[in-house]
Structure formats: structure tokens, C-alpha cells
Amino acid sequence: MSFKLEGPILEGTLVRLEPMGHRHAADLAVAAEENRGSYAFTWVPTAAEVGQYLEEQLERVATGKLALYAQVAKSSGKAVGATAYWDPRFWPGTENLCAVEVGFTWLAASMQGTGMNLESKLLLFRNAFENWGVARLDLKTDARNSRSRAAIESVGAKFEGVLRNWSQSWAPGEEGRLRDSAVYSIIAEEWPDCRTQLEERLARKLKR
């Protein structure tokens, strides 16, 4: 197939999602070195690893199967994290997108709990359902990552089960091992209610 997954710039009140490039490296190096206590199961580079991280992720972008974003805080204009669309799937026999996953997400500790992740998800979900017309969005995380699972459930995704030995573990000391992945989804029929809930939660955040 000639399909290439490319995400448009998505802009909200708190965050602008823009295609990631080497221009974001210095900001990401600073963001990644804030309190790393929430990154136990997540692929977040150290400052010294940001160059390699970008090279590896941009190689995936070049395959057409990943659309990688820098999460840019509008208050500062600085890149403070990453997120992505990936693993596109198609209606049989076509290049029409049927489903896509949102993942590879991390955010600087100082930005967590501010509403930025919430708004990023709203922007990503809305584009996928309303512009691309997908039937389904996937989200996955390490089954042991209770923090991530709670965050996914809080944006309206439904738990579907655990895939055992599904993908690479990012936990320290588990290099080369596989993790169990907790799988969540939102389907098109659920999106209107999900969107309303996300918009109401974001409005409450913005009033604080």
C-alpha cells in the first residue's frame, strides 16, 4: 500500500500538537529530565538519549505507520512531551483508514495534571473520528501501569482485556523482555458521548 500516516497540526487552548522534528530536541531534553517517577513503564528518553530517541522514532515515521507529535505548551512555546498516531489499519481491500492507535505518549512532570494530556487526547480523538472517519481508536499500556490505565479510562476508553507477552517492555531492567498489554478502545458510536465528557472536563480545568 502507498498509504502514509500523516497527522495535521492540532491546536487547542493549552497545547499545540505539531509533527516532531530535530528542532524539538533541546526542549524535550529539558522536559524529560524533570521528575521521572511516573515513567517506570513508559519509553521516555533521558536528556542524553533524546538524539537517539528522535532518530528511532523518525525512522518509524518514514515507514508511514507512525505520525509523531511534539506536545508544545502554548504558555511557553516549548515542547514538553510526545504523542502519536500509529498502527493504521484499513477497510478490506482499500486504503481507507478503519482504525488507528494513539500511543507513544509522555509528558513532562510539571505538565501532568494541568489538562494538557486531556486536551491532547481530545484533539487526537476528534481528528481521527471526525476528519479521518475511523471506526475505532486503540490505546494500550503495560498491564502493570495502574497510573496509565487510570488515565486511559478517564478519557472514556473501554477496557477490552490483556494481551499476554504482547510487546516490548520499557520497564528498567527488562530490556529484551515482553510485557502484557492492557487494551482499550473507543468506537465511533461511542465518540459523541466521549467527546462531550472530554469537553466538559477540559472546560472545568480551564476555569481553575
# chains A, B, ... in the order shown; residues from 1 in each chain; ligands from 1
$ select_by_dssp --residues "segment 156-194 of chain A" --states "strand (DSSP E or B)" --output "ChimeraX atom specification"
/A:158-168,178-187
$ residues_around --residues "Lys121 of chain A" --least-positions-apart "6" --cutoff "9 Å" --atoms "only C-alpha atoms" --output "list in words"
Val102, Val155 and Leu198 of chain A
$ closest_residue --among "A:Ala84, A:Leu123, A:Trp132, A:Gly93" --to "Thr13 of chain A" --atoms "only C-alpha atoms"
A:Leu123
$ atom_distance --atom1 "atom CA of Gly81 of chain A" --atom2 "atom CA of Leu97 of chain A"
26.2 Å
$ closest_residue --among "A:Arg126, A:Arg179, A:Arg164, A:Arg16" --to "Lys74 of chain A" --atoms "only C-alpha atoms"
A:Arg16
$ atom_distance --atom1 "atom CA of Val50 of chain A" --atom2 "atom CA of Ala108 of chain A"
13.7 Å
$ select_by_dssp --residues "chain A" --states "helix (DSSP H, G or I)" --output "PyMOL selection string"
chain A and resi 22-32+47-62+109-111+116-131+146-154+188-207
$ closest_residue --among "A:Thr83, A:Ser167, A:Ser75, A:Asn145" --to "Gly12 of chain A" --atoms "only C-alpha atoms"
A:Ser75
$ closest_residue --among "A:Leu122, A:Met116, A:Ile152, A:Ala31" --to "Glu199 of chain A" --atoms "only C-alpha atoms"
A:Leu122
